[in-house]
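Visitor: My structure file input_10.cif, mmCIF, C-alpha atoms, is below:
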data_upload
loop_
_atom_site.group_PDB
_atom_site.id
_atom_site.type_symbol
_atom_site.label_atom_id
_atom_site.label_comp_id
_atom_site.auth_asym_id
_atom_site.auth_seq_id
_atom_site.Cartn_x
_atom_site.Cartn_y
_atom_site.Cartn_z
ATOM 1 C CA MET A 1 0.000 0.000 0.000
ATOM 2 C CA LEU A 2 1.412 3.366 -1.031
ATOM 3 C CA ILE A 3 1.015 6.137 1.528
ATOM 4 C CA GLU A 4 1.296 9.765 0.543
ATOM 5 C CA VAL A 5 3.999 11.475 2.583
ATOM 6 C CA ASP A 6 4.429 15.169 3.244
ATOM 7 C CA ALA A 7 7.592 15.662 1.178
ATOM 8 C CA LYS A 8 7.838 19.386 1.909
ATOM 9 C CA ARG A 9 7.684 18.753 5.652
ATOM 10 C CA PHE A 10 10.304 16.008 5.318
ATOM 11 C CA PHE A 11 12.862 18.045 3.347
ATOM 12 C CA PHE A 12 12.411 21.246 5.359
ATOM 13 C CA SER A 13 12.771 19.319 8.637
ATOM 14 C CA PHE A 14 15.807 17.467 7.278
ATOM 15 C CA VAL A 15 17.551 20.759 6.450
ATOM 16 C CA CYS A 16 16.680 22.126 9.908
ATOM 17 C CA LEU A 17 17.952 18.927 11.528
ATOM 18 C CA PHE A 18 21.246 19.201 9.637
ATOM 19 C CA ILE A 19 21.725 22.779 10.870
ATOM 20 C CA VAL A 20 20.785 21.834 14.443
ATOM 21 C CA VAL A 21 23.107 18.805 14.543
ATOM 22 C CA LEU A 22 26.028 20.689 12.966
ATOM 23 C CA SER A 23 25.703 23.643 15.366
ATOM 24 C CA ALA A 24 25.328 21.273 18.341
ATOM 25 C CA PHE A 25 28.515 19.455 17.305
ATOM 26 C CA LEU A 26 30.466 22.721 16.967
ATOM 27 C CA ILE A 27 29.217 23.954 20.357
ATOM 28 C CA ALA A 28 30.216 20.645 21.966
ATOM 29 C CA LEU A 29 33.709 20.935 20.449
ATOM 30 C CA TYR A 30 34.040 24.492 21.739
ATOM 31 C CA LEU A 31 32.819 23.675 25.249
ATOM 32 C CA LYS A 32 35.181 20.709 25.455
ATOM 33 C CA SER A 33 38.118 22.917 24.528
ATOM 34 C CA ILE A 34 37.490 25.825 26.932
ATOM 35 C CA SER A 35 39.740 26.008 29.949
ATOM 36 C CA ASN A 36 37.836 28.689 31.860
ATOM 37 C CA ALA A 37 35.239 26.642 33.759
ATOM 38 C CA LYS A 38 34.371 29.654 35.911
ATOM 39 C CA LEU A 39 33.135 31.560 32.844
ATOM 40 C CA PHE A 40 30.904 28.626 31.908
ATOM 41 C CA PHE A 41 29.563 28.428 35.457
ATOM 42 C CA ASP A 42 28.841 32.171 35.442
ATOM 43 C CA VAL A 43 26.872 31.819 32.176
ATOM 44 C CA VAL A 44 24.835 28.950 33.674
ATOM 45 C CA ASN A 45 24.146 31.073 36.751
ATOM 46 C CA VAL A 46 22.917 33.979 34.598
ATOM 47 C CA CYS A 47 20.628 31.612 32.667
ATOM 48 C CA GLY A 48 19.316 30.278 35.962
ATOM 49 C CA VAL A 49 18.526 33.790 37.200
ATOM 50 C CA LEU A 50 16.770 34.637 33.911
ATOM 51 C CA LEU A 51 14.649 31.499 34.208
ATOM 52 C CA LEU A 52 13.793 32.402 37.794
ATOM 53 C CA LEU A 53 12.700 35.885 36.666
ATOM 54 C CA ASN A 54 10.624 34.301 33.886
ATOM 55 C CA GLY A 55 8.883 32.149 36.504
ATOM 56 C CA LEU A 56 8.188 35.127 38.757
ATOM 57 C CA ILE A 57 6.809 37.213 35.874
ATOM 58 C CA SER A 58 4.573 34.344 34.772
ATOM 59 C CA LEU A 59 2.891 34.385 38.192
ATOM 60 C CA THR A 60 1.147 37.577 37.049
ATOM 61 C CA LYS A 61 -0.536 35.447 34.325
ATOM 62 C CA ILE A 62 -0.308 38.401 31.940
ATOM 63 C CA ASP A 63 -0.463 37.274 28.320
ATOM 64 C CA PHE A 64 2.339 39.557 27.067
ATOM 65 C CA PHE A 65 2.329 38.119 23.529
ATOM 66 C CA SER A 66 -1.466 37.655 23.124
ATOM 67 C CA THR A 67 -1.208 33.881 22.744
ATOM 68 C CA GLY A 68 -4.742 33.318 24.023
ATOM 69 C CA LEU A 69 -3.509 30.405 26.166
ATOM 70 C CA SER A 70 -4.894 29.838 29.668
ATOM 71 C CA LYS A 71 -1.475 29.714 31.373
ATOM 72 C CA PRO A 72 0.874 32.173 29.646
ATOM 73 C CA THR A 73 4.431 31.724 30.919
ATOM 74 C CA PHE A 74 6.058 34.926 29.619
ATOM 75 C CA LEU A 75 8.741 33.771 27.141
ATOM 76 C CA PHE A 76 7.296 30.237 26.924
ATOM 77 C CA LEU A 77 3.980 29.201 25.420
ATOM 78 C CA GLU A 78 2.945 27.103 28.398
ATOM 79 C CA PRO A 79 4.273 25.919 31.805
ATOM 80 C CA SER A 80 5.290 22.500 30.429
ATOM 81 C CA HIS A 81 7.644 24.111 27.905
ATOM 82 C CA PHE A 82 9.118 26.190 30.712
ATOM 83 C CA ALA A 83 9.477 23.061 32.881
ATOM 84 C CA LEU A 84 11.482 21.245 30.198
ATOM 85 C CA VAL A 85 14.051 24.055 30.076
ATOM 86 C CA VAL A 86 14.178 24.642 33.837
ATOM 87 C CA THR A 87 14.739 21.004 34.864
ATOM 88 C CA PRO A 88 18.392 20.570 33.742
ATOM 89 C CA PHE A 89 19.308 23.802 35.529
ATOM 90 C CA LEU A 90 17.392 22.667 38.620
ATOM 91 C CA ILE A 91 19.259 19.339 38.682
ATOM 92 C CA PHE A 92 22.604 21.076 38.183
ATOM 93 C CA PHE A 93 22.058 23.618 40.952
ATOM 94 C CA CYS A 94 20.844 20.938 43.361
ATOM 95 C CA LEU A 95 24.102 19.056 42.731
ATOM 96 C CA THR A 96 26.371 22.081 43.143
ATOM 97 C CA LEU A 97 24.678 24.172 45.849
ATOM 98 C CA SER A 98 24.831 23.428 49.565
ATOM 99 C CA ARG A 99 22.127 21.039 50.787
ATOM 100 C CA ASN A 100 20.093 23.756 52.542
ATOM 101 C CA LYS A 101 20.130 26.009 49.472
ATOM 102 C CA ALA A 102 19.192 23.073 47.235
ATOM 103 C CA ILE A 103 16.199 22.196 49.451
ATOM 104 C CA LEU A 104 15.092 25.837 49.414
ATOM 105 C CA LEU A 105 15.367 25.932 45.620
ATOM 106 C CA LEU A 106 13.351 22.714 45.285
ATOM 107 C CA PHE A 107 10.677 24.134 47.581
ATOM 108 C CA VAL A 108 10.426 27.368 45.559
ATOM 109 C CA VAL A 109 10.189 25.527 42.218
ATOM 110 C CA ALA A 110 7.703 22.963 43.561
ATOM 111 C CA SER A 111 5.582 25.776 45.015
ATOM 112 C CA TRP A 112 5.558 27.458 41.605
ATOM 113 C CA ALA A 113 4.505 24.169 39.956
ATOM 114 C CA GLY A 114 1.741 23.702 42.539
ATOM 115 C CA HIS A 115 0.460 27.249 42.192
ATOM 116 C CA ILE A 116 0.536 27.278 38.379
ATOM 117 C CA GLN A 117 -0.558 23.621 38.328
ATOM 118 C CA ASN A 118 2.016 21.825 36.201
ATOM 119 C CA LEU A 119 2.803 18.147 36.677
ATOM 120 C CA THR A 120 5.786 18.148 34.282
ATOM 121 C CA LEU A 121 7.750 20.446 36.587
ATOM 122 C CA PHE A 122 6.803 18.313 39.590
ATOM 123 C CA PHE A 123 8.457 15.385 37.788
ATOM 124 C CA GLY A 124 11.476 17.632 37.265
ATOM 125 C CA VAL A 125 11.590 18.456 40.978
ATOM 126 C CA ALA A 126 11.346 14.730 41.804
ATOM 127 C CA LEU A 127 14.266 13.984 39.461
ATOM 128 C CA ALA A 128 16.410 16.726 40.968
ATOM 129 C CA PHE A 129 15.596 15.565 44.504
ATOM 130 C CA ALA A 130 16.289 11.886 43.732
ATOM 131 C CA ILE A 131 19.670 12.606 42.142
ATOM 132 C CA SER A 132 20.916 15.140 44.673
ATOM 133 C CA SER A 133 19.619 13.362 47.794
ATOM 134 C CA ARG A 134 22.334 11.820 49.943
ATOM 135 C CA GLN A 135 19.900 9.153 51.161
ATOM 136 C CA ASN A 136 19.159 5.840 49.444
ATOM 137 C CA LEU A 137 16.432 5.990 46.796
ATOM 138 C CA ILE A 138 13.697 4.377 48.919
ATOM 139 C CA PHE A 139 14.281 6.768 51.819
ATOM 140 C CA ALA A 140 14.558 9.662 49.359
ATOM 141 C CA ALA A 141 11.178 8.677 47.889
ATOM 142 C CA LEU A 142 9.620 8.723 51.381
ATOM 143 C CA LEU A 143 11.143 12.135 52.101
ATOM 144 C CA PHE A 144 9.859 13.485 48.807
ATOM 145 C CA THR A 145 6.360 12.159 49.558
ATOM 146 C CA LEU A 146 6.407 13.999 52.893
ATOM 147 C CA PHE A 147 7.704 17.101 51.133
ATOM 148 C CA ILE A 148 4.856 17.018 48.581
ATOM 149 C CA GLY A 149 2.335 16.356 51.370
ATOM 150 C CA ALA A 150 3.524 19.456 53.237
ATOM 151 C CA LEU A 151 3.369 21.477 50.037
ATOM 152 C CA ILE A 152 -0.196 20.355 49.308
ATOM 153 C CA THR A 153 -1.191 21.368 52.828
ATOM 154 C CA LEU A 154 0.248 24.840 52.273
ATOM 155 C CA LEU A 155 -1.265 25.280 48.806
ATOM 156 C CA GLY A 156 -4.685 23.907 49.655
ATOM 157 C CA ILE A 157 -6.324 20.553 48.943
ATOM 158 C CA GLU A 158 -8.437 22.012 46.100
ATOM 159 C CA ASN A 159 -5.331 22.014 43.881
ATOM 160 C CA LEU A 160 -4.841 18.272 44.343
ATOM 161 C CA SER A 161 -7.459 17.108 41.782
ATOM 162 C CA TYR A 162 -5.490 18.687 38.933
ATOM 163 C CA PHE A 163 -2.555 16.355 39.639
ATOM 164 C CA THR A 164 -4.486 13.207 40.617
ATOM 165 C CA ASP A 165 -6.522 13.355 37.385
ATOM 166 C CA ARG A 166 -3.255 13.246 35.412
ATOM 167 C CA LEU A 167 -1.888 10.312 37.394
ATOM 168 C CA VAL A 168 -4.804 8.032 36.438
ATOM 169 C CA LEU A 169 -3.195 6.398 33.382
ATOM 170 C CA SER A 170 -6.119 4.911 31.483
ATOM 171 C CA ASP A 171 -7.587 5.452 28.030
ATOM 172 C CA ASP A 172 -10.975 5.585 29.784
ATOM 173 C CA SER A 173 -9.926 8.890 31.350
ATOM 174 C CA ASP A 174 -11.446 12.133 30.078
ATOM 175 C CA ASN A 175 -8.354 14.124 31.048
ATOM 176 C CA LEU A 176 -6.840 15.585 27.883
ATOM 177 C CA SER A 177 -3.216 15.350 29.071
ATOM 178 C CA VAL A 178 -3.586 11.625 29.800
ATOM 179 C CA LEU A 179 -5.399 10.981 26.517
ATOM 180 C CA VAL A 180 -2.706 12.823 24.522
ATOM 181 C CA ILE A 181 -0.005 10.533 25.967
ATOM 182 C CA PHE A 182 -2.131 7.444 25.261
ATOM 183 C CA GLN A 183 -2.860 8.704 21.755
ATOM 184 C CA GLY A 184 0.844 9.014 20.946
ATOM 185 C CA TRP A 185 1.736 5.519 22.142
ATOM 186 C CA GLN A 186 -1.356 3.893 20.640
ATOM 187 C CA ASN A 187 -0.769 5.450 17.213
ATOM 188 C CA ALA A 188 2.922 4.500 17.341
ATOM 189 C CA ILE A 189 2.273 0.875 18.332
ATOM 190 C CA GLU A 190 -0.531 0.403 15.796
ATOM 191 C CA THR A 191 1.663 1.859 13.054
ATOM 192 C CA LEU A 192 4.426 -0.550 14.053
ATOM 193 C CA THR A 193 2.194 -3.643 14.216
ATOM 194 C CA THR A 194 -0.285 -3.060 11.381
ATOM 195 C CA GLN A 195 1.579 -0.923 8.854
ATOM 196 C CA SER A 196 5.381 -1.152 8.959
ATOM 197 C CA TYR A 197 8.096 -2.245 11.356
ATOM 198 C CA LEU A 198 10.152 0.649 9.977
ATOM 199 C CA GLY A 199 7.609 3.276 11.018
ATOM 200 C CA GLY A 200 6.034 6.093 9.062
ATOM 201 C CA GLY A 201 9.188 8.080 8.254
ATOM 202 C CA PHE A 202 10.960 11.164 9.565
ATOM 203 C CA GLN A 203 8.536 13.930 10.573
ATOM 204 C CA GLN A 204 5.563 11.935 9.231
ATOM 205 C CA PHE A 205 3.946 11.170 12.589
ATOM 206 C CA GLY A 206 0.262 12.024 12.276
ATOM 207 C CA ILE A 207 0.522 11.957 8.475
ATOM 208 C CA THR A 208 1.491 8.433 7.399
ATOM 209 C CA THR A 209 0.957 6.805 10.803
ATOM 210 C CA VAL A 210 -2.173 4.934 11.911
ATOM 211 C CA TYR A 211 -4.822 6.624 14.059
ATOM 212 C CA GLY A 212 -6.255 4.689 17.008
ATOM 213 C CA SER A 213 -9.424 4.874 19.082
ATOM 214 C CA VAL A 214 -7.934 7.457 21.477
ATOM 215 C CA SER A 215 -7.545 9.889 18.574
ATOM 216 C CA ASP A 216 -11.236 9.389 17.804
ATOM 217 C CA LYS A 217 -12.106 10.009 21.458
ATOM 218 C CA LEU A 218 -10.102 13.250 21.548
ATOM 219 C CA TYR A 219 -11.788 14.429 18.370
ATOM 220 C CA ALA A 220 -15.201 13.602 19.843
ATOM 221 C CA LEU A 221 -14.403 15.535 23.032
ATOM 222 C CA LEU A 222 -12.960 18.617 21.346
ATOM 223 C CA GLY A 223 -14.304 18.658 17.798
ATOM 224 C CA PHE A 224 -10.744 18.826 16.410
ATOM 225 C CA SER A 225 -7.466 16.863 16.582
ATOM 226 C CA ILE A 226 -4.627 17.770 18.962
ATOM 227 C CA ASN A 227 -0.977 16.686 19.279
ATOM 228 C CA GLN A 228 -1.203 14.505 16.196
ATOM 229 C CA PHE A 229 2.283 15.441 15.004
ATOM 230 C CA ASP A 230 4.340 15.498 18.236
ATOM 231 C CA GLY A 231 2.943 12.334 19.836
ATOM 232 C CA GLY A 232 2.492 14.040 23.196
ATOM 233 C CA SER A 233 6.086 13.099 24.024
ATOM 234 C CA THR A 234 9.109 12.343 21.855
ATOM 235 C CA ALA A 235 9.478 8.602 22.575
ATOM 236 C CA PRO A 236 6.230 7.505 20.813
ATOM 237 C CA LYS A 237 7.059 9.896 17.969
ATOM 238 C CA LEU A 238 10.410 8.131 17.519
ATOM 239 C CA VAL A 239 8.751 4.700 17.568
ATOM 240 C CA GLY A 240 6.005 5.793 15.169
ATOM 241 C CA GLU A 241 8.442 7.355 12.697
ATOM 242 C CA PHE A 242 11.434 4.981 12.891
ATOM 243 C CA GLY A 243 9.862 1.720 14.051
ATOM 244 C CA VAL A 244 12.279 -0.875 15.424
ATOM 245 C CA PHE A 245 15.158 1.588 15.015
ATOM 246 C CA GLY A 246 13.311 4.041 17.272
ATOM 247 C CA ILE A 247 12.859 1.286 19.870
ATOM 248 C CA ALA A 248 16.576 0.417 19.631
ATOM 249 C CA PHE A 249 17.502 4.069 20.171
ATOM 250 C CA LEU A 250 15.277 4.290 23.264
ATOM 251 C CA CYS A 251 16.819 1.104 24.701
ATOM 252 C CA VAL A 252 20.333 2.546 24.284
ATOM 253 C CA TYR A 253 19.148 5.843 25.744
ATOM 254 C CA LEU A 254 17.652 4.158 28.824
ATOM 255 C CA PHE A 255 20.834 2.130 29.355
ATOM 256 C CA PHE A 256 22.970 5.281 29.497
ATOM 257 C CA TYR A 257 20.251 7.052 31.481
ATOM 258 C CA VAL A 258 20.449 4.514 34.316
ATOM 259 C CA LYS A 259 24.267 4.579 34.129
ATOM 260 C CA PHE A 260 24.442 8.390 34.377
ATOM 261 C CA PHE A 261 21.740 8.527 37.053
ATOM 262 C CA LEU A 262 23.636 6.138 39.334
ATOM 263 C CA MET A 263 26.923 7.906 38.614
ATOM 264 C CA LEU A 264 25.538 11.303 39.655
ATOM 265 C CA ARG A 265 24.243 9.780 42.890
ATOM 266 C CA ASN A 266 27.668 8.288 43.619
ATOM 267 C CA ARG A 267 29.456 10.815 45.836
ATOM 268 C CA ASN A 268 32.805 9.105 45.231
ATOM 269 C CA VAL A 269 32.835 10.074 41.541
ATOM 270 C CA SER A 270 34.634 13.348 40.875
ATOM 271 C CA LEU A 271 33.129 15.440 38.063
ATOM 272 C CA SER A 272 33.828 18.914 36.750
ATOM 273 C CA LYS A 273 30.932 21.366 36.837
ATOM 274 C CA VAL A 274 30.858 21.433 33.035
ATOM 275 C CA ASP A 275 30.520 17.643 32.885
ATOM 276 C CA MET A 276 27.922 17.744 35.643
ATOM 277 C CA PHE A 277 25.814 20.247 33.694
ATOM 278 C CA PHE A 278 25.704 18.026 30.620
ATOM 279 C CA TYR A 279 24.872 14.967 32.707
ATOM 280 C CA ALA A 280 22.009 17.027 34.179
ATOM 281 C CA ILE A 281 20.788 17.787 30.635
ATOM 282 C CA PHE A 282 20.862 14.089 29.731
ATOM 283 C CA ILE A 283 18.916 13.190 32.886
ATOM 284 C CA ALA A 284 16.351 15.978 32.327
ATOM 285 C CA SER A 285 15.740 14.824 28.750
ATOM 286 C CA PHE A 286 13.691 11.941 30.192
ATOM 287 C CA LEU A 287 10.844 14.424 30.580
ATOM 288 C CA GLU A 288 11.059 15.310 26.878
ATOM 289 C CA PHE A 289 11.064 11.683 25.783
ATOM 290 C CA PHE A 290 8.434 10.222 28.099
ATOM 291 C CA ILE A 291 6.450 12.946 29.900
ATOM 292 C CA ARG A 292 5.864 15.974 27.656
ATOM 293 C CA GLY A 293 7.672 16.425 24.368
ATOM 294 C CA VAL A 294 7.209 19.036 21.668
ATOM 295 C CA GLY A 295 9.121 17.326 18.857
ATOM 296 C CA TYR A 296 12.725 17.270 17.725
ATOM 297 C CA PHE A 297 13.245 21.025 17.585
ATOM 298 C CA SER A 298 12.840 22.111 21.195
ATOM 299 C CA PRO A 299 15.350 23.830 23.531
ATOM 300 C CA LEU A 300 15.840 20.753 25.725
ATOM 301 C CA MET A 301 16.207 18.436 22.718
ATOM 302 C CA TYR A 302 18.871 20.767 21.320
ATOM 303 C CA LEU A 303 20.722 20.721 24.642
ATOM 304 C CA PHE A 304 20.385 16.923 24.656
ATOM 305 C CA ILE A 305 22.050 16.683 21.224
ATOM 306 C CA VAL A 306 24.854 18.981 22.443
ATOM 307 C CA SER A 307 25.318 16.722 25.489
ATOM 308 C CA VAL A 308 25.546 13.592 23.304
ATOM 309 C CA PHE A 309 28.254 15.213 21.157
ATOM 310 C CA TYR A 310 29.995 16.526 24.274
ATOM 311 C CA PHE A 311 30.313 13.022 25.743
ATOM 312 C CA SER A 312 31.248 11.576 22.328
ATOM 313 C CA VAL A 313 34.079 14.110 21.981
ATOM 314 C CA GLN A 314 35.138 13.334 25.540
ATOM 315 C CA ILE A 315 35.319 9.590 24.833
ATOM 316 C CA SER A 316 37.204 10.152 21.561
ATOM 317 C CA LYS A 317 39.697 12.427 23.329
ATOM 318 C CA VAL A 318 40.343 9.819 26.044
ATOM 319 C CA LYS A 319 40.883 7.081 23.432
ATOM 320 C CA LEU A 320 43.236 9.324 21.448
ATOM 321 C CA GLU A 321 45.296 10.158 24.537
ATOM 322 C CA LYS A 322 45.443 6.456 25.429
ATOM 323 C CA ASN A 323 46.693 5.541 21.945
ATOM 324 C CA GLU A 324 49.351 8.264 22.109
ATOM 325 C CA THR A 325 50.488 6.942 25.508
ATOM 326 C CA ASP A 326 50.681 3.365 24.167
ATOM 327 C CA CYS A 327 52.781 4.564 21.242
#
As structure tokens - that is how I would like this structure written.

Guide:
Amino acid sequence: MLIEVDAKRFFFSFVCLFIVVLSAFLIALYLKSISNAKLFFDVVNVCGVLLLLNGLISLTKIDFFSTGLSKPTFLFLEPSHFALVVTPFLIFFCLTLSRNKAILLLFVVASWAGHIQNLTLFFGVALAFAISSRQNLIFAALLFTLFIGALITLLGIENLSYFTDRLVLSDDSDNLSVLVIFQGWQNAIETLTTQSYLGGGFQQFGITTVYGSVSDKLYALLGFSINQFDGGSTAPKLVGEFGVFGIAFLCVYLFFYVKFFLMLRNRNVSLSKVDMFFYAIFIASFLEFFIRGVGYFSPLMYLFIVSVFYFSVQISKVKLEKNETDC
């Protein structure tokens, strides 16, 4: 069966991807060659302050750019987009600040997420807490549960339903956020099993891929389709577009994810602040892949590509130095 693809979308996205990958590679080379780590740390600090100011301004809920969205977040379209960018910085600062300052930062960010009502950032706070906690993971989970309980008490129980509705993972749910995630995975799996093991092709998700019953339910609820092209998160988009190769990529990603996660929790491992920042980016990218993604061309995905090149250059440099020593 021949399926009509969106050739213009494919070629334009391919050109954009080439530019993104090339620039990410050049940035990784530059960052690996710089000797002034303090300058890099100062730049990260400035970015962190700017993000904090963006969060404070967004509390006014003023729609500065007339987006018409219910939760304008100043320079970001919505709180989830803001959360994806904030999380790597949050993880990094929790690893580098003193414990008391890190706890205070987590409390401020979690309070913002509770007030604005954004589950993606709560996941980011949980990640940062789990990695930076000096306790074992089970005890850290208990502490985080108590922390969230105290926060809910302060914010008011009426805010709780927003989060609990999104934690009920079922296609019978009427919550749009849950249905969007289910839609992405259902369309990806049905494309893989009924159409092609190779997927629908680069940037063809929602065009050549199969639609499932959840897509029909969303259309019935809203009268129009939503998140057909981004899959809700990037992982189902990868599976739907690249099939078994997308699954292979995610398996490799999860392997390194667990490795980096455990390494950051190991206090005996000595890391530079530059390395630590890029590990934080890699860890934060989990949100983009599995919680709330906006496609391949997002700020966090770009930082993720830079981090992959950064570690690749690092490995190549170590191998080169080893070969020179052996010679």

Visitor: Where does the PyMOL selection byres ((chain A and resi 222-237) around 9) land in this file, that is, which residues does it pick, as a ChimeraX atom specification?

Guide: /A:177,180-189,203-207,211,215-221,238-242,246-247,250,287-296

Visitor: Which one of A:Val244, A:Val21, A:Val86, A:Ile27 sits closest to Asn54 in chain A if you count all atoms listed in the file?

Guide: A:Val86

Visitor: Under the rule that all atoms listed in the file are counted, which of A:Val313, A:Ala37, A:Ala102, A:Ala110 is the nearest residue to Gly124 in chain A?

Guide: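 Nearest to Gly124 in chain A: A:Ala110.
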
Visitor: Evaluate the PyMOL selection byres ((chain A and resi 20) around 12) and record the selected residues as a PyMOL selection string, following the chain and residue labels used in the document.

Guide: chain A and resi 13-19+21-27+296-299+301-306

Visitor: Using the chain letters and numbers from this file, what does the PyMOL selection byres ((chain A and resi 122) around 10) select? Give the answer as a PyMOL selection string.

Guide: chain A and resi 83+87+106+109-114+117-121+123-128+148+163

Visitor: Please indicate the distance in Å from CA of Asp63 in chain A to CA of His115 in chain A, rounded to one decimal place.

Guide: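 Distance reported for this atom pair: 17.1 Å.
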
Visitor: Kindly indicate which residue among A:Thr73, A:Ser170, A:Asn45, A:Thr96 lies nearest to Asp275 in chain A, using all atoms listed in the file for the distances.

Guide: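 Checking each of A:Thr73, A:Ser170, A:Asn45, A:Thr96 against Asp275 in chain A, counting all atoms listed in the file, the winner is A:Thr96.
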
Visitor: Which protein, DNA or RNA residues are at most 12 Å from (22.6, 27.0, 33.2) in the file's coordinates when you count all atoms listed in the file, listed as a PyMOL selection string?

Guide: chain A and resi 39-52+85-94+96+273-274+276-278+280-281+300+303

Visitor: Measure the distance from CA of Cys251 in chain A to CA of Phe311 in chain A in Å and round it to one decimal.

Guide: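 Here the two named atoms are 18.0 Å from each other.
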
Visitor: Could you tell me how far CA of Leu198 in chain A lies from CA of Tyr310 in chain A, in Å and to one decimal?

Guide: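 CA of Tyr310 in chain A lies at a distance of 29.2 Å from CA of Leu198 in chain A.
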
Visitor: Edge lengths and centre in Å to one decimal, as lines of an AutoDock Vina configuration file, of the axis-aligned box that encloses all listed atoms of range 40-46 of chain A with 8 Å added on every side?

Guide:
center_x = 26.9
center_y = 31.2
center_z = 34.3
size_x = 24.0
size_y = 21.6
size_z = 20.8

Visitor: I'd like to know which of A:Phe144, A:Phe286, A:Phe256, A:Phe11 is closest to Phe129 in chain A, using only C-alpha atoms.

Guide: A:Phe144
